[in-house]
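A.B. asks: Below is one structure. I have some questions about it.
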There are 2 protein chains.
Amino acid sequence: MGKFVYLFSEGNAGMRNLLGGKGANLAEMTRLGLPVPRGFTLTTEACTRYYEDGQQVSQAIEAEILAALRQIETQVGKKLGDPADPFLVSVRSGARASMPGMMDTILNLGLNDDTAAGLGRLTRNPRFALDSYRRFIMMFGDVVKGVEKKRFEAELDQVKQQRQALQDTDLDAEAMAEVVARFKKLYRSVLGQDFPQDPQTQLLEAIQAVFRSWNNERAIYYRRQNNIPSSWGTAVNIQEMVYGNMGETSGTGVAFTRSPSTGENRLFGEFLLNAQGEDVVAGVRTPQPIASLQDILPEAYDQFCRTARLLEQHYQDMQDMEFTIERGKLFLLQTRNGKRTAAAALKIAVDMVGEGLLTKAEALDKIDARSLDALLHPGFAPEALKEARVLTRGLPASPGAAAGKIYFTAEKAQHAHIVNGEKVILVRLETSPEDIVGMSIAEGILTGRGGMTSHAAVVARGMGRCCVSGCAELRINEAGGYLIDAQGERYEEGDELSLDGSTGLVYQGAIQTVEAVMGEDFSTIMAWADEIRQLAVRTNADTPADARSARTLGAEGIGLTRTEHMFFEPERIFRFRQMILAESEARRREALDLLLPIQQGDFEAIYKEMAGLPVTIRLLDPPLHEFLPQKESEIAALAEALGISADRVRDKVTSLQELNPMMGHRGCRLAVSYPEIAEMQTTAIIQAALAERRRGNAVVPEIMIPLVCDLKELAYVKGLITRTADRLIEADGGQLSYKVGTMIEIPRAALLADEIAQEADFFSFGTNDLTQLTFGLSRDDAGRILEDYYAAGIFESDPTANLDVKGVGRLMKLAVQGGRATRPELKLGICGEHGGDPDSVIFCHELGLNYVSCSPFRVPIARLAAAQAQIRQPRV
Amino acid sequence: MGKFVYLFSEGNAGMRNLLGGKGANLAEMTRLGLPVPRGFTLTTEACTRYYEDGQQVSQAIEAEILAALRQIETQVGKKLGDPADPFLVSVRSGARASMPGMMDTILNLGLNDDTAAGLGRLTRNPRFALDSYRRFIMMFGDVVKGVEKKRFEAELDQVKQQRQALQDTDLDAEAMAEVVARFKKLYRSVLGQDFPQDPQTQLLEAIQAVFRSWNNERAIYYRRQNNIPSSWGTAVNIQEMVYGNMGETSGTGVAFTRSPSTGENRLFGEFLLNAQGEDVVAGVRTPQPIASLQDILPEAYDQFCRTARLLEQHYQDMQDMEFTIERGKLFLLQTRNGKRTAAAALKIAVDMVGEGLLTKAEALDKIDARSLDALLHPGFAPEALKEARVLTRGLPASPGAAAGKIYFTAEKAQHAHIVNGEKVILVRLETSPEDIVGMSIAEGILTGRGGMTSHAAVVARGMGRCCVSGCAELRINEAGGYLIDAQGERYEEGDELSLDGSTGLVYQGAIQTVEAVMGEDFSTIMAWADEIRQLAVRTNADTPADARSARTLGAEGIGLTRTEHMFFEPERIFRFRQMILAESEARRREALDLLLPIQQGDFEAIYKEMAGLPVTIRLLDPPLHEFLPQKESEIAALAEALGISADRVRDKVTSLQELNPMMGHRGCRLAVSYPEIAEMQTTAIIQAALAERRRGNAVVPEIMIPLVCDLKELAYVKGLITRTADRLIEADGGQLSYKVGTMIEIPRAALLADEIAQEADFFSFGTNDLTQLTFGLSRDDAGRILEDYYAAGIFESDPTANLDVKGVGRLMKLAVQGGRATRPELKLGICGEHGGDPDSVIFCHELGLNYVSCSPFRVPIARLAAAQAQIRQPRV
């Protein structure tokens, strides 16, 4: 038998997993001798036990609750249900991780007809007592019994109308008594039972309601968004009520030790005199700034300031506190590390180091690396967002905010932008590589289909362009040039929408955006991170522009240049298609000869941007059919341009079709079938390096072979590369060095890494494909499946979104061990989407990789996460 | 520095890997004191070194060759190139594994103008000497220099015409001299150089030619078919020539110690008096049965009989020998374990145990398990096959032979068979589950697309029906009802074709077939195998008929019943489609309710066939779109039958489409999305078991969940099953026990087997999917890729056809370790296609699995292979 109930005086801040965040901090403040209303916490284990027992509170736990209640009653000197001096409590949820507003709260518990009367007598304020009672009936009815709040509010409104009262405060005690009577009647008529008069029954039912609220819809959704496991459960805090609404020497408020929006080192917050917490939330009255409390209740204010400073120093972090002043006496109801904007987080970290409160490492460790995203991308102006109407929610495929006129083809978007200077949102069912230019000029991209690793998502992240993908609710008609939302509303070409790529929300109209700003604190934090981290951070960049942004953001080289995107500009795609449709190797080589100088030029430009840093270039990866047109009109046009029959184009399109293209003719398999492509690409890579060297830039190209599953396969393709490269280098004087390595993205390559390493200068984990193959789950097809898995509670969030440490991670570990056993100096990196995810960066650090590579706008996040990894688990 | 040359007197039979089969046996016979012409062997390592050195014989190896030659010359007392008494040699290939006729041989080496004259003088037979010389020039020109044999033969024919000679033997010495002169002239005119007169040059060039022949096209093809690695290389044997063509006391022959076609224990073979080995092969004269030698050369015959007996006892196996008698003296030129029919193999094994020559284990160990296939399926009558014309070659998807009239739809095939009583061959581009009935009444199935694990292949193997898949050369027009072969010839509906499912060959016309016969020897061998083996053998069976055949063939239960095939009969498919197209769960359940009794009936029938044995039934696995029609006409018909619009059917077909269906919405993912399907299937499984139990058959159903990748997923689906099952069992009195287990077919499941085992009573390795995911290679799309990989020499055969021990096997090992660590009593099996492959069976034995499960007609093969595994690596 465990212990399921702890008095506040028995716990401390270290017991967060057991007591929840709120409970642990209430215990800690109690331990520090701060004025905290007394109470106790039911542990998170009590919650999981409640669910294991089929949603029942066991007799043993009930006994513990009642025993704790008796102890608190003794301390306070009041008894629950005592009409003479009733003990009243609040019942609040409190999980390990903060889930603000997701679960339920019940105040004023313990009131019934008798104790309400008693409280009125005791406080000589029957109106206060009845007001508290009617609030309690409503909360209990709503939270515990599911009687909708608005039905109670309707009753209240009727009383107000009858009495021509404008505000609740206009109602006197007698009116409040009528409200109480009506609430009780409503309760009985809906539920067929009387409002429970026994406070102990009230308490046990309220506790169960809070447990149940752990699994309400919005809590489940919030957990999925924030990767919080449902197995954690919530704790429940039962705490003596204190009242901020007992007159002009009472009040309630919230405050931060520093500004949560700028980080400024000054007490920030607001309070309401003669009010309860819910009044602050309801916004009925406008709260005053906290500083004005100095004049009104100077003693309480001073005490609060001292307490705030003490808490910040104690927790070594900016605190977010709730307090109540009851007849001049200060009570702390909550403290926690305050949520803050990214800018505030950086300023607070830098300041606290300056103040000697934190070391650099401690300061870095406290920053949420993910939050940097907000600094790196435009966002919506907070005021503007308040009135925005949400149209639908898709997947947050690439962060940032965008507003503009919608267009349904890349051509129209380009025309609107270039000719008319419009800000545009490109809307597509799904994007294809032909849309690249349209995507690059758009403010944001919205797609109807496709997941977080769809073409749209990957390309948008590379460009730092906002993207919301997989908006399945929208019916997008590209040909017709309109879309229809779930409510049946129609949006035409030129109508305005706004996208939030960080949340996946799509809004009506154009919402004002604010630009990204990276200030001095950002530079300071990044410099500290760079001092500490062991893991290098490279970028995935396919264009000189990407390379330039990434370098500005601190990338130390390129970990992945995808060469395929280069083929999609109009003039190039034609040559590339000509190559695919060539009837002989000789004709293919002719077409490739025309592509060679173009590709060489691309590489030269990228080398130039990355001068002095390593550049990894991957050979052509996608299946060839992705480059051919699918529409009849495009097929006809291509056939005409090439001077061949449309039938031949169509035959080729058909013959290249595959049942499972992800596991088909792509990656190094293309190099085996069409060595001339790999040879052309090698030639471009090497000639570009030679040309750059002549300009004084000592490039060491790293040529990467995708989709390897076998040593002999790698050796064969490597042979193609080295023969081509060595011939060129020899002809040039023999001075260039280069590396040849392989992606590890097929399970078999990871399993046979010891063999594969014989022929590889480096490994780069392609965790996108590796994850899909390890799970046997195609990301493109996973949407419906995952929805059903969430609904069934099997998965709580996309199991492939973060690096799957148990499965994929085990394969990676086998590969690291195998590879290094054969070749101790083997260079190891990761270039999958996970390379920019903080948790995955930390795992890569632990694995002993040399670098992570991520999209340019995630480079700062990876730099910080790499430092945090080193701080948490130092590597020599 | 290794040793690359061994005299025959230095080797033995155990050195097969180094000396090749022929070389090792020549050495062994030399060691036994048998009359073997003297000589030496260049090792297989000399061959691999030759290739490593860029196809050059190193100076060191050349020196070794010449030193060995000198030693042999001393032993024989003759010298290469000595006109007075020339030493002549044969140069023959000899790999580790027998590759009959695949590589090259050169005889009479050492002849030139001078030594030919000398040999004529010495033998007083100038014609013999010149005949030998012209044969040598032709062989050397052909094999070493690539001058086509037929050009030499044309010269010979001209001489014969001029002299009005009918046969070679009609040419006298003077005519032979002209042939020699013409051959030398031809040699010079084609090659621009004279025929080499230096015997040492001849020898070194001949040796290199044999090395090169290791990589000729037919050798490569043979190796791919027989899984022989190209890295092995071939040895080369240089041996003193002996002559069977030296008159009426000379001769040459081949013989087996027992009949290779029936196994009868009696010397079998034939010989030709006054002839060389190649005359026997050429078939110019008809050889005599070996027994007649007793009268002609009794002494040599007796010596040969004694030698044959000695060799059989020495090798403890039936021997295949070549011999030559030169002027009354017997020489052994080769001995090896003789190839034999499956029937002969069994009889020989049984007889040798009876004779006390072998133990049962030794006898079993010598049988090629794969060869049993021939006993279990019909074959072509050997005479009939001789004149057959091959149309094309596809993949040998399911063994056996079939002849019949071709039809291009299942309906037409059924009509022709049922109404007209025709034997039919079903020809399809690819089969779908709707073709099942047509497949079951066909003699054989031919498909244009799809590999060894395509639908057609899997179903045909289950039925024991002959199938040739992936005949890519044929242009099949299903709608038009014809096919066109690579030569442009057209075959209409009703034309006759024949298929060999064991070789993949497709023949014109109807070739006579002979039925499978399993006799007493078969039963004896199977009984011995069953005594010895530790691994159980189950079957994959989807129908009562499959189950019955499998049980007859010795299956000890069912390891896999695929429930999806059951839904394809006309009445059922309609209900199933109705279920898929239902708009709500309630409507789906209605459709499922109608399927329930049908499926329950299937299971009852299967349980009945398998009474007393375990039956594993897998829940629905394939994606739902496989069940919907694709053609417009069928869509319209279905819509009408269901009373809904064709648009709705079409929308459903579209919405179920996936980019990578193998990694999509299938397997247990269907059970999560549509729990009602899993519930219906569980109900059918359990109710059928309860019904059978009432009939006295104590069934313990094993319910298998496909495509699991995560513990919680397994637990969820298992929950659906156990809730349904337990409710039914309880209602019935609570007496039935059942098991719930999972396929291990996704890499992640293997990696997390320790967790997964918490919820699984058994694991069954689905090596088809596991292999495809581990390689990242879709079998359906692999055709073109593999062709290119063979051409590039990366793969020599389909790396997924046998179980990939290094990659997939490592995952399986991790899964076995993980699973048994959590649950030591975990039952482990395999139900992929590999379960019937002997090498894979042996690996499964080593892994410690409890059983393998394979298609019914592979059960005997698996039983024998399991016994061999135990013999080779005993497990307690």
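Following the order of the structure tokens, chains are lettered A, B, ..., residues in each are numbered from 1, and ligands are numbered from 1.
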List the spatial neighbours of Ala479 (chain B) as number ranges by chain - criterion: any atom at most 12 Å away, only C-alpha atoms, same-chain residues fewer than 5 positions off excluded.
C.D. replies: B: 407-409, 412, 427-429, 492-493, 631
A.B. asks: Write out, as a CSV table (one decimal), in the first residue's frame, the residues just selected, with all heavy atoms.
C.D. replies:
```csv
chain,number,residue,atom,x,y,z
B,407,TYR,N,-6.8,-18.8,-71.0
B,407,TYR,CA,-7.9,-17.9,-70.9
B,407,TYR,C,-7.5,-16.7,-70.0
B,407,TYR,O,-6.6,-16.8,-69.1
B,407,TYR,CB,-9.2,-18.5,-70.2
B,407,TYR,CG,-9.8,-19.5,-71.2
B,407,TYR,CD1,-9.4,-20.9,-71.1
B,407,TYR,CD2,-10.6,-19.1,-72.2
B,407,TYR,CE1,-9.9,-21.8,-72.0
B,407,TYR,CE2,-11.1,-20.0,-73.1
B,407,TYR,CZ,-10.8,-21.4,-73.0
B,407,TYR,OH,-11.3,-22.3,-73.9
B,408,PHE,N,-8.0,-15.5,-70.4
B,408,PHE,CA,-7.5,-14.3,-69.8
B,408,PHE,C,-8.3,-13.7,-68.7
B,408,PHE,O,-8.0,-12.6,-68.2
B,408,PHE,CB,-7.3,-13.3,-70.9
B,408,PHE,CG,-6.2,-13.7,-71.9
B,408,PHE,CD1,-6.5,-14.6,-72.9
B,408,PHE,CD2,-4.9,-13.3,-71.7
B,408,PHE,CE1,-5.5,-15.0,-73.8
B,408,PHE,CE2,-3.9,-13.7,-72.6
B,408,PHE,CZ,-4.2,-14.6,-73.6
B,409,THR,N,-9.5,-14.3,-68.4
B,409,THR,CA,-10.2,-13.9,-67.2
B,409,THR,C,-10.6,-15.1,-66.4
B,409,THR,O,-10.7,-16.2,-67.0
B,409,THR,CB,-11.5,-13.1,-67.5
B,409,THR,OG1,-12.4,-14.0,-68.1
B,409,THR,CG2,-11.2,-11.9,-68.5
B,412,LYS,N,-13.9,-16.7,-67.7
B,412,LYS,CA,-13.8,-17.5,-68.9
B,412,LYS,C,-13.1,-18.8,-68.6
B,412,LYS,O,-13.5,-19.9,-69.2
B,412,LYS,CB,-13.0,-16.7,-70.0
B,412,LYS,CG,-13.9,-15.6,-70.6
B,412,LYS,CD,-13.2,-15.0,-71.9
B,412,LYS,CE,-13.9,-13.8,-72.3
B,412,LYS,NZ,-13.0,-13.0,-73.2
B,427,VAL,N,-4.3,-16.9,-67.6
B,427,VAL,CA,-3.3,-15.9,-67.9
B,427,VAL,C,-3.8,-14.5,-67.5
B,427,VAL,O,-4.9,-14.1,-67.9
B,427,VAL,CB,-3.0,-15.9,-69.4
B,427,VAL,CG1,-1.9,-14.8,-69.7
B,427,VAL,CG2,-2.5,-17.2,-69.9
B,428,ARG,N,-3.1,-13.8,-66.6
B,428,ARG,CA,-3.5,-12.5,-66.1
B,428,ARG,C,-2.3,-11.6,-66.1
B,428,ARG,O,-1.2,-12.0,-65.9
B,428,ARG,CB,-4.1,-12.6,-64.7
B,428,ARG,CG,-5.2,-13.6,-64.5
B,428,ARG,CD,-6.5,-13.0,-65.0
B,428,ARG,NE,-7.0,-11.9,-64.1
B,428,ARG,CZ,-7.8,-11.0,-64.5
B,428,ARG,NH1,-8.3,-11.0,-65.8
B,428,ARG,NH2,-8.2,-10.0,-63.7
B,429,LEU,N,-2.6,-10.3,-66.2
B,429,LEU,CA,-1.5,-9.3,-66.0
B,429,LEU,C,-1.0,-9.5,-64.6
B,429,LEU,O,0.2,-9.6,-64.3
B,429,LEU,CB,-2.0,-7.9,-66.2
B,429,LEU,CG,-1.8,-7.4,-67.6
B,429,LEU,CD1,-2.4,-6.0,-67.7
B,429,LEU,CD2,-0.3,-7.2,-67.8
B,492,GLU,N,-4.1,-16.7,-79.0
B,492,GLU,CA,-5.5,-16.3,-78.7
B,492,GLU,C,-6.0,-17.2,-77.6
B,492,GLU,O,-5.5,-18.3,-77.3
B,492,GLU,CB,-6.3,-16.6,-80.0
B,492,GLU,CG,-5.9,-15.9,-81.2
B,492,GLU,CD,-6.2,-14.4,-81.2
B,492,GLU,OE1,-7.0,-14.0,-80.4
B,492,GLU,OE2,-5.6,-13.7,-82.0
B,493,GLU,N,-7.1,-16.8,-77.1
B,493,GLU,CA,-7.9,-17.5,-76.1
B,493,GLU,C,-8.1,-18.9,-76.7
B,493,GLU,O,-8.5,-19.0,-77.8
B,493,GLU,CB,-9.2,-16.8,-75.8
B,493,GLU,CG,-9.7,-16.9,-74.4
B,493,GLU,CD,-10.3,-15.6,-73.9
B,493,GLU,OE1,-11.2,-15.1,-74.7
B,493,GLU,OE2,-9.9,-15.1,-72.9
B,631,LYS,N,-12.4,-1.1,-61.9
B,631,LYS,CA,-12.9,-0.8,-63.2
B,631,LYS,C,-14.2,-0.1,-63.1
B,631,LYS,O,-15.0,-0.4,-62.3
B,631,LYS,CB,-13.1,-2.1,-64.0
B,631,LYS,CG,-11.8,-2.5,-64.7
B,631,LYS,CD,-12.0,-3.6,-65.7
B,631,LYS,CE,-11.1,-4.8,-65.5
B,631,LYS,NZ,-11.7,-6.1,-65.8
```
A.B. asks: Give me, as a compact mmCIF listing (two decimals) with C-alpha atoms, in the first residue's frame, the residues of region 746-834 of chain A that a backbone DSSP run labels strand (DSSP E or B).
C.D. replies:
```
# COMPACT_ATOMS: atom_id res chain seq x y z
CA PHE A 762 30.99 9.15 -42.94
CA PHE A 763 27.47 8.08 -41.97
CA SER A 764 24.55 10.45 -41.96
CA PHE A 765 21.35 9.17 -40.36
CA LYS A 827 32.29 10.83 -38.88
CA LEU A 828 28.65 10.54 -37.78
CA GLY A 829 25.81 12.95 -38.38
CA ILE A 830 22.07 13.17 -38.76
```
A.B. asks: Which RMSD value, in Å, describes how well chain B fits onto chain A when all C-alpha atoms are paired in order and fitted by least squares?
C.D. replies: 0.2 Å
A.B. asks: At a cut-off of 8 Å, can you tabulate as a tab-separated table every residue of chain B near chain A together with its closest atom pair and the distance in Å to one decimal, using only C-alpha atoms and ordering rows by chain then number?
C.D. replies:
```
residue	atom	partner	partner_atom	distance
B:Glu658	CA	A:Asp781	CA	5.9
B:Leu659	CA	A:Asp781	CA	6.6
B:Asn660	CA	A:Asn660	CA	4.4
B:Pro661	CA	A:Asn660	CA	6.6
B:Met662	CA	A:Asn660	CA	6.7
B:Met663	CA	A:Leu777	CA	4.5
B:Gly664	CA	A:Asp781	CA	5.7
B:His665	CA	A:Ile785	CA	6.4
B:Arg669	CA	A:Ile785	CA	6.8
B:Val672	CA	A:Asp788	CA	6.7
B:Ser673	CA	A:Asp788	CA	5.6
B:Cys709	CA	A:Phe775	CA	6.1
B:Lys712	CA	A:Ile794	CA	5.5
B:Glu713	CA	A:Ile794	CA	5.6
B:Tyr716	CA	A:Ile794	CA	7.0
B:Ile746	CA	A:Gly776	CA	5.8
B:Pro747	CA	A:Thr774	CA	5.0
B:Arg748	CA	A:Thr774	CA	5.2
B:Leu751	CA	A:Gly807	CA	5.9
B:Leu752	CA	A:Gly807	CA	6.5
B:Leu773	CA	A:Leu773	CA	5.6
B:Thr774	CA	A:Pro747	CA	5.0
B:Phe775	CA	A:Arg748	CA	5.6
B:Gly776	CA	A:Met663	CA	4.9
B:Leu777	CA	A:Met663	CA	4.5
B:Ser778	CA	A:Met663	CA	5.1
B:Asp780	CA	A:Leu659	CA	6.8
B:Asp781	CA	A:Gly664	CA	5.7
B:Ala782	CA	A:Gly664	CA	6.7
B:Ile785	CA	A:His665	CA	6.4
B:Asp788	CA	A:Ser673	CA	5.7
B:Tyr789	CA	A:Val672	CA	6.9
B:Ala792	CA	A:Val672	CA	7.2
B:Ile794	CA	A:Lys712	CA	5.5
B:Phe795	CA	A:Lys712	CA	7.9
B:Lys806	CA	A:Leu752	CA	7.3
B:Gly807	CA	A:Arg748	CA	5.3
B:Val808	CA	A:Arg748	CA	7.4
B:Arg810	CA	A:Leu751	CA	7.3
B:Leu811	CA	A:Leu751	CA	7.9
```
A.B. asks: Output N, CA and C atoms for every residue in the selection just made, as a CSV table (one decimal), in the first residue's frame.
C.D. replies:
```csv
chain,number,residue,atom,x,y,z
B,658,GLU,N,-3.6,4.9,-51.4
B,658,GLU,CA,-2.5,5.3,-50.6
B,658,GLU,C,-1.2,5.4,-51.4
B,659,LEU,N,-0.3,6.2,-51.0
B,659,LEU,CA,0.9,6.4,-51.8
B,659,LEU,C,1.8,5.1,-51.6
B,660,ASN,N,1.9,4.6,-50.4
B,660,ASN,CA,2.7,3.4,-50.1
B,660,ASN,C,1.8,2.4,-49.3
B,661,PRO,N,0.9,1.7,-50.0
B,661,PRO,CA,0.0,0.9,-49.2
B,661,PRO,C,0.6,-0.2,-48.4
B,662,MET,N,1.8,-0.6,-48.7
B,662,MET,CA,2.5,-1.6,-47.9
B,662,MET,C,2.7,-1.1,-46.5
B,663,MET,N,2.9,0.2,-46.4
B,663,MET,CA,3.2,0.9,-45.1
B,663,MET,C,2.0,1.7,-44.7
B,664,GLY,N,0.8,1.3,-45.1
B,664,GLY,CA,-0.4,2.1,-44.9
B,664,GLY,C,-1.4,1.5,-43.9
B,665,HIS,N,-2.6,1.7,-44.3
B,665,HIS,CA,-3.8,1.3,-43.4
B,665,HIS,C,-4.1,-0.1,-43.6
B,669,ARG,N,-3.8,-2.1,-37.9
B,669,ARG,CA,-4.3,-0.7,-38.0
B,669,ARG,C,-5.8,-0.7,-38.4
B,672,VAL,N,-7.9,-1.3,-35.3
B,672,VAL,CA,-8.0,-0.1,-34.5
B,672,VAL,C,-9.1,0.9,-35.1
B,673,SER,N,-9.1,1.0,-36.4
B,673,SER,CA,-10.0,1.9,-37.0
B,673,SER,C,-11.4,1.3,-37.1
B,709,CYS,N,3.5,-2.8,-34.2
B,709,CYS,CA,4.8,-2.1,-34.1
B,709,CYS,C,5.0,-1.5,-32.7
B,712,LYS,N,1.5,-0.8,-26.9
B,712,LYS,CA,0.1,-0.3,-26.6
B,712,LYS,C,-0.9,-0.7,-27.7
B,713,GLU,N,-0.4,-0.7,-28.9
B,713,GLU,CA,-1.2,-1.1,-30.0
B,713,GLU,C,-1.6,-2.5,-29.9
B,716,TYR,N,-4.1,-2.9,-27.1
B,716,TYR,CA,-5.4,-2.4,-27.5
B,716,TYR,C,-6.2,-3.5,-28.3
B,746,ILE,N,7.4,-6.1,-38.6
B,746,ILE,CA,7.8,-4.7,-38.7
B,746,ILE,C,9.1,-4.6,-37.9
B,747,PRO,N,10.1,-3.9,-38.4
B,747,PRO,CA,11.4,-3.9,-37.7
B,747,PRO,C,11.3,-3.4,-36.2
B,748,ARG,N,10.4,-2.4,-36.0
B,748,ARG,CA,10.3,-1.9,-34.6
B,748,ARG,C,9.8,-3.0,-33.7
B,751,LEU,N,12.7,-5.0,-32.7
B,751,LEU,CA,13.6,-4.2,-31.8
B,751,LEU,C,13.0,-4.1,-30.4
B,752,LEU,N,11.7,-4.0,-30.3
B,752,LEU,CA,11.0,-3.9,-29.0
B,752,LEU,C,10.4,-5.1,-28.5
B,773,LEU,N,10.8,-4.5,-45.5
B,773,LEU,CA,11.0,-3.2,-44.7
B,773,LEU,C,12.5,-3.1,-44.3
B,774,THR,N,13.1,-4.2,-44.0
B,774,THR,CA,14.5,-4.2,-43.6
B,774,THR,C,15.4,-3.7,-44.7
B,775,PHE,N,15.0,-4.2,-45.9
B,775,PHE,CA,15.8,-3.8,-47.1
B,775,PHE,C,15.3,-2.4,-47.7
B,776,GLY,N,14.1,-2.0,-47.2
B,776,GLY,CA,13.5,-0.8,-47.9
B,776,GLY,C,13.2,-1.1,-49.3
B,777,LEU,N,12.9,-2.3,-49.6
B,777,LEU,CA,12.7,-2.7,-51.0
B,777,LEU,C,11.3,-3.4,-51.2
B,778,SER,N,10.5,-2.8,-52.0
B,778,SER,CA,9.2,-3.5,-52.2
B,778,SER,C,9.3,-4.6,-53.3
B,780,ASP,N,7.2,-6.0,-55.0
B,780,ASP,CA,6.4,-5.7,-56.2
B,780,ASP,C,7.2,-4.8,-57.2
B,781,ASP,N,8.0,-4.0,-56.7
B,781,ASP,CA,8.7,-3.0,-57.5
B,781,ASP,C,10.2,-3.4,-57.8
B,782,ALA,N,10.6,-4.5,-57.3
B,782,ALA,CA,12.0,-4.8,-57.3
B,782,ALA,C,12.6,-5.4,-58.6
B,785,ILE,N,15.0,-3.2,-60.6
B,785,ILE,CA,16.1,-2.9,-59.8
B,785,ILE,C,17.0,-4.0,-59.7
B,788,ASP,N,19.1,-4.7,-62.8
B,788,ASP,CA,20.3,-3.8,-62.8
B,788,ASP,C,21.4,-4.2,-61.8
B,789,TYR,N,21.0,-4.7,-60.7
B,789,TYR,CA,21.9,-5.1,-59.6
B,789,TYR,C,22.7,-6.3,-60.1
B,792,ALA,N,25.2,-5.3,-62.6
B,792,ALA,CA,26.3,-4.5,-62.1
B,792,ALA,C,27.1,-5.4,-61.2
B,794,ILE,N,26.3,-6.4,-58.2
B,794,ILE,CA,26.2,-6.1,-56.8
B,794,ILE,C,25.5,-7.3,-56.1
B,795,PHE,N,24.4,-7.7,-56.7
B,795,PHE,CA,23.8,-8.9,-56.2
B,795,PHE,C,23.9,-10.0,-57.2
B,806,LYS,N,22.2,-12.1,-42.4
B,806,LYS,CA,22.9,-10.9,-41.8
B,806,LYS,C,22.0,-9.8,-41.3
B,807,GLY,N,21.1,-9.4,-42.1
B,807,GLY,CA,20.2,-8.3,-41.8
B,807,GLY,C,19.0,-8.7,-41.1
B,808,VAL,N,18.1,-9.3,-41.8
B,808,VAL,CA,16.8,-9.7,-41.2
B,808,VAL,C,17.0,-10.7,-40.1
B,810,ARG,N,19.5,-10.8,-38.1
B,810,ARG,CA,19.9,-10.2,-36.9
B,810,ARG,C,18.7,-9.6,-36.1
B,811,LEU,N,17.8,-9.0,-36.9
B,811,LEU,CA,16.6,-8.5,-36.2
B,811,LEU,C,15.8,-9.7,-35.5
```
A.B. asks: Which neighbours of Leu385 (chain A) fall inside 12 Å, counting only C-alpha atoms, when residues of the same chain fewer than 2 positions from it are skipped, and could you give them as a ChimeraX atom specification?
C.D. replies: /A:379-383,387-390,401,403,498-500,505-514
A.B. asks: At a cut-off of 7 Å, using only C-alpha atoms, what residues contact Thr44 (chain A)? Leave out same-chain residues fewer than 3 positions from it and give the result as a list in words.
C.D. replies: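 Near neighbours after the sequence-gap exclusion: Leu18, Leu19, Gly20, Cys47, Thr48, Trp232, Gly233, Thr234 and Ala235 of chain A.
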A.B. asks: Do a neighbour search on region 55-62 of chain B at 12 Å with only C-alpha atoms, toss out local chain neighbours closer than 3 positions, and write the hits as a PyMOL selection string.
C.D. replies: chain B and resi 1-6+41-43+45-52+65-69+200-201+203-215
A.B. asks: Go through region 636-797 of chain B and collect every residue that DSSP, computed from the backbone, puts in helix (DSSP H, G or I); the answer should be as a PyMOL selection string.
C.D. replies: chain B and resi 636-642+646-655+661-663+668-673+675-694+711-732+747-751+753-759+767-775+779-791
A.B. asks: Determine, counting only C-alpha atoms, which protein, DNA and RNA residues have an atom within 8 Å of an atom of region 686-700 of chain A; residues of the same chain fewer than 5 positions away are not included. Present the result as a PyMOL selection string.
C.D. replies: chain A and resi 600-601+603-604+607-608+611-615+725+728-729+732+736-739
A.B. asks: Would you kindly return, as number ranges by chain, each protein, DNA or RNA residue with an atom no farther than 8 Å from any atom of Ile406 (chain B), considering only C-alpha atoms and excluding same-chain residues fewer than 3 positions away?
C.D. replies: B: 413, 424-427, 492-497
